[in-house]
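Notes to accompany the following structure.
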Amino acid sequence: MSVKIRQASCSCGQLRLMCQGEPVRVSICHCLECQRRTGSSFSVQAWYSRDQVRPAEGAVKRYARVAESGRTVNFGFCPECGGTVFWEAELRPDQIALAVGTFADPSFAKPSLSGWERRQHPWTKAIDAQKIEHSE
């Protein structure tokens, strides 16, 4: 049986990461900072073990911020198009998160976990009908 390899990339394709196998988890975040970062009402991320992800190819610009939880999150984005491709959270040092949209794959696994619902836009509650586990 072959192991699935996926490529994540920014909008211009300059920054790329390759992921091997299935993610540890796929989640939705409704926090205000994810809303600002994505320009959307929430973010969707695939969490992989670090050993499943090859080092980034292309130039990476980094940005660190303190999350609402009080922990640090370091983002990797493209210096050309500005697209956030991945991030590393102090909370999960053995994992790396990749924005699901960077895979450009409509068949990607649906989220199984949703967080920061107190910041959730009411109209997105329809997503909850999918029986997603919730956590804060």
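Chain identifiers are assigned as A, B, and so on, following the order in which chains appear in the structure tokens; residues are numbered from 1 within each chain, and ligands are numbered from 1 in order of appearance.
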Exercise for the section: Find the residues near stretch 51-57 of chain A: any atom within 10 Å, counting only C-alpha atoms, skip ones fewer than 6 places away on the same chain, and give them as a ChimeraX atom specification. Expected result: /A:5-9,13-24,76,85-86,94-98
Fill in the blank from the handout: Residue with the minimum atom-to-atom distance to A:His121, picked from A:Val26, A:Ala109, A:Leu32, A:Ala99 with only C-alpha atoms counted, is A:Leu32
Practice task
Tell me which protein, DNA and RNA residues are within 10 Å of A:Ser41, counting only C-alpha atoms, leaving out same-chain ones fewer than 6 positions away, and put them as a PyMOL selection string.
Solution key: chain A and resi 29-32+34-35+119-121+123-124
Problem - Non-local contacts of A:Pro111 (9 Å; only C-alpha atoms; under 5 positions in same chain excluded) as number ranges by chain - result: A: 25-28, 44-46, 132
Problem - Atom-to-atom span, atom CA of A:Val66 and atom CA of A:Pro122, Å - result: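 Taking atom CA of A:Val66 as the start and atom CA of A:Pro122 as the end point, the length is 25.5 Å.
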Problem - Shortest interatomic distance to A:Tyr48 - which of A:Thr72, A:Arg92, A:Phe108, A:Gly101, counting only C-alpha atoms - result: A:Arg92
Exercise for the section: Enumerate the residues of stretch 24-93 of chain A with a DSSP assignment of helix (DSSP H, G or I), computed from the backbone, and present them as number ranges by chain. Expected result: A: 32-38, 50-52
Exercise for the section: Write out as number ranges by chain all residues of chain A that backbone DSSP assigns to strand (DSSP E or B). Expected result: A: 5-9, 16-20, 25-29, 43-49, 53, 57, 61-66, 72-77, 84-89, 95-99, 113-115, 133-135
Exercise for the section: In Å, rounded to a single decimal, give me how far atom CA of A:Gly115 is from atom CA of A:Arg71. Expected result: 15.1 Å
Practice task
Take atom CA of A:Ser69 and atom CA of A:Trp47 and report the distance between them in Å, one decimal.
Solution key: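 These atoms are spaced 18.1 Å apart.
With distances restricted to only C-alpha atoms, A:Cys10 is the closest residue to A:Ala104 from A:Ala89, A:Ala67, A:Cys10, A:Cys81.
Distance check against A:Phe77 using only C-alpha atoms: of A:Ser112, A:Ser40, A:Ser11, A:Ser2, the minimum falls on A:Ser11.
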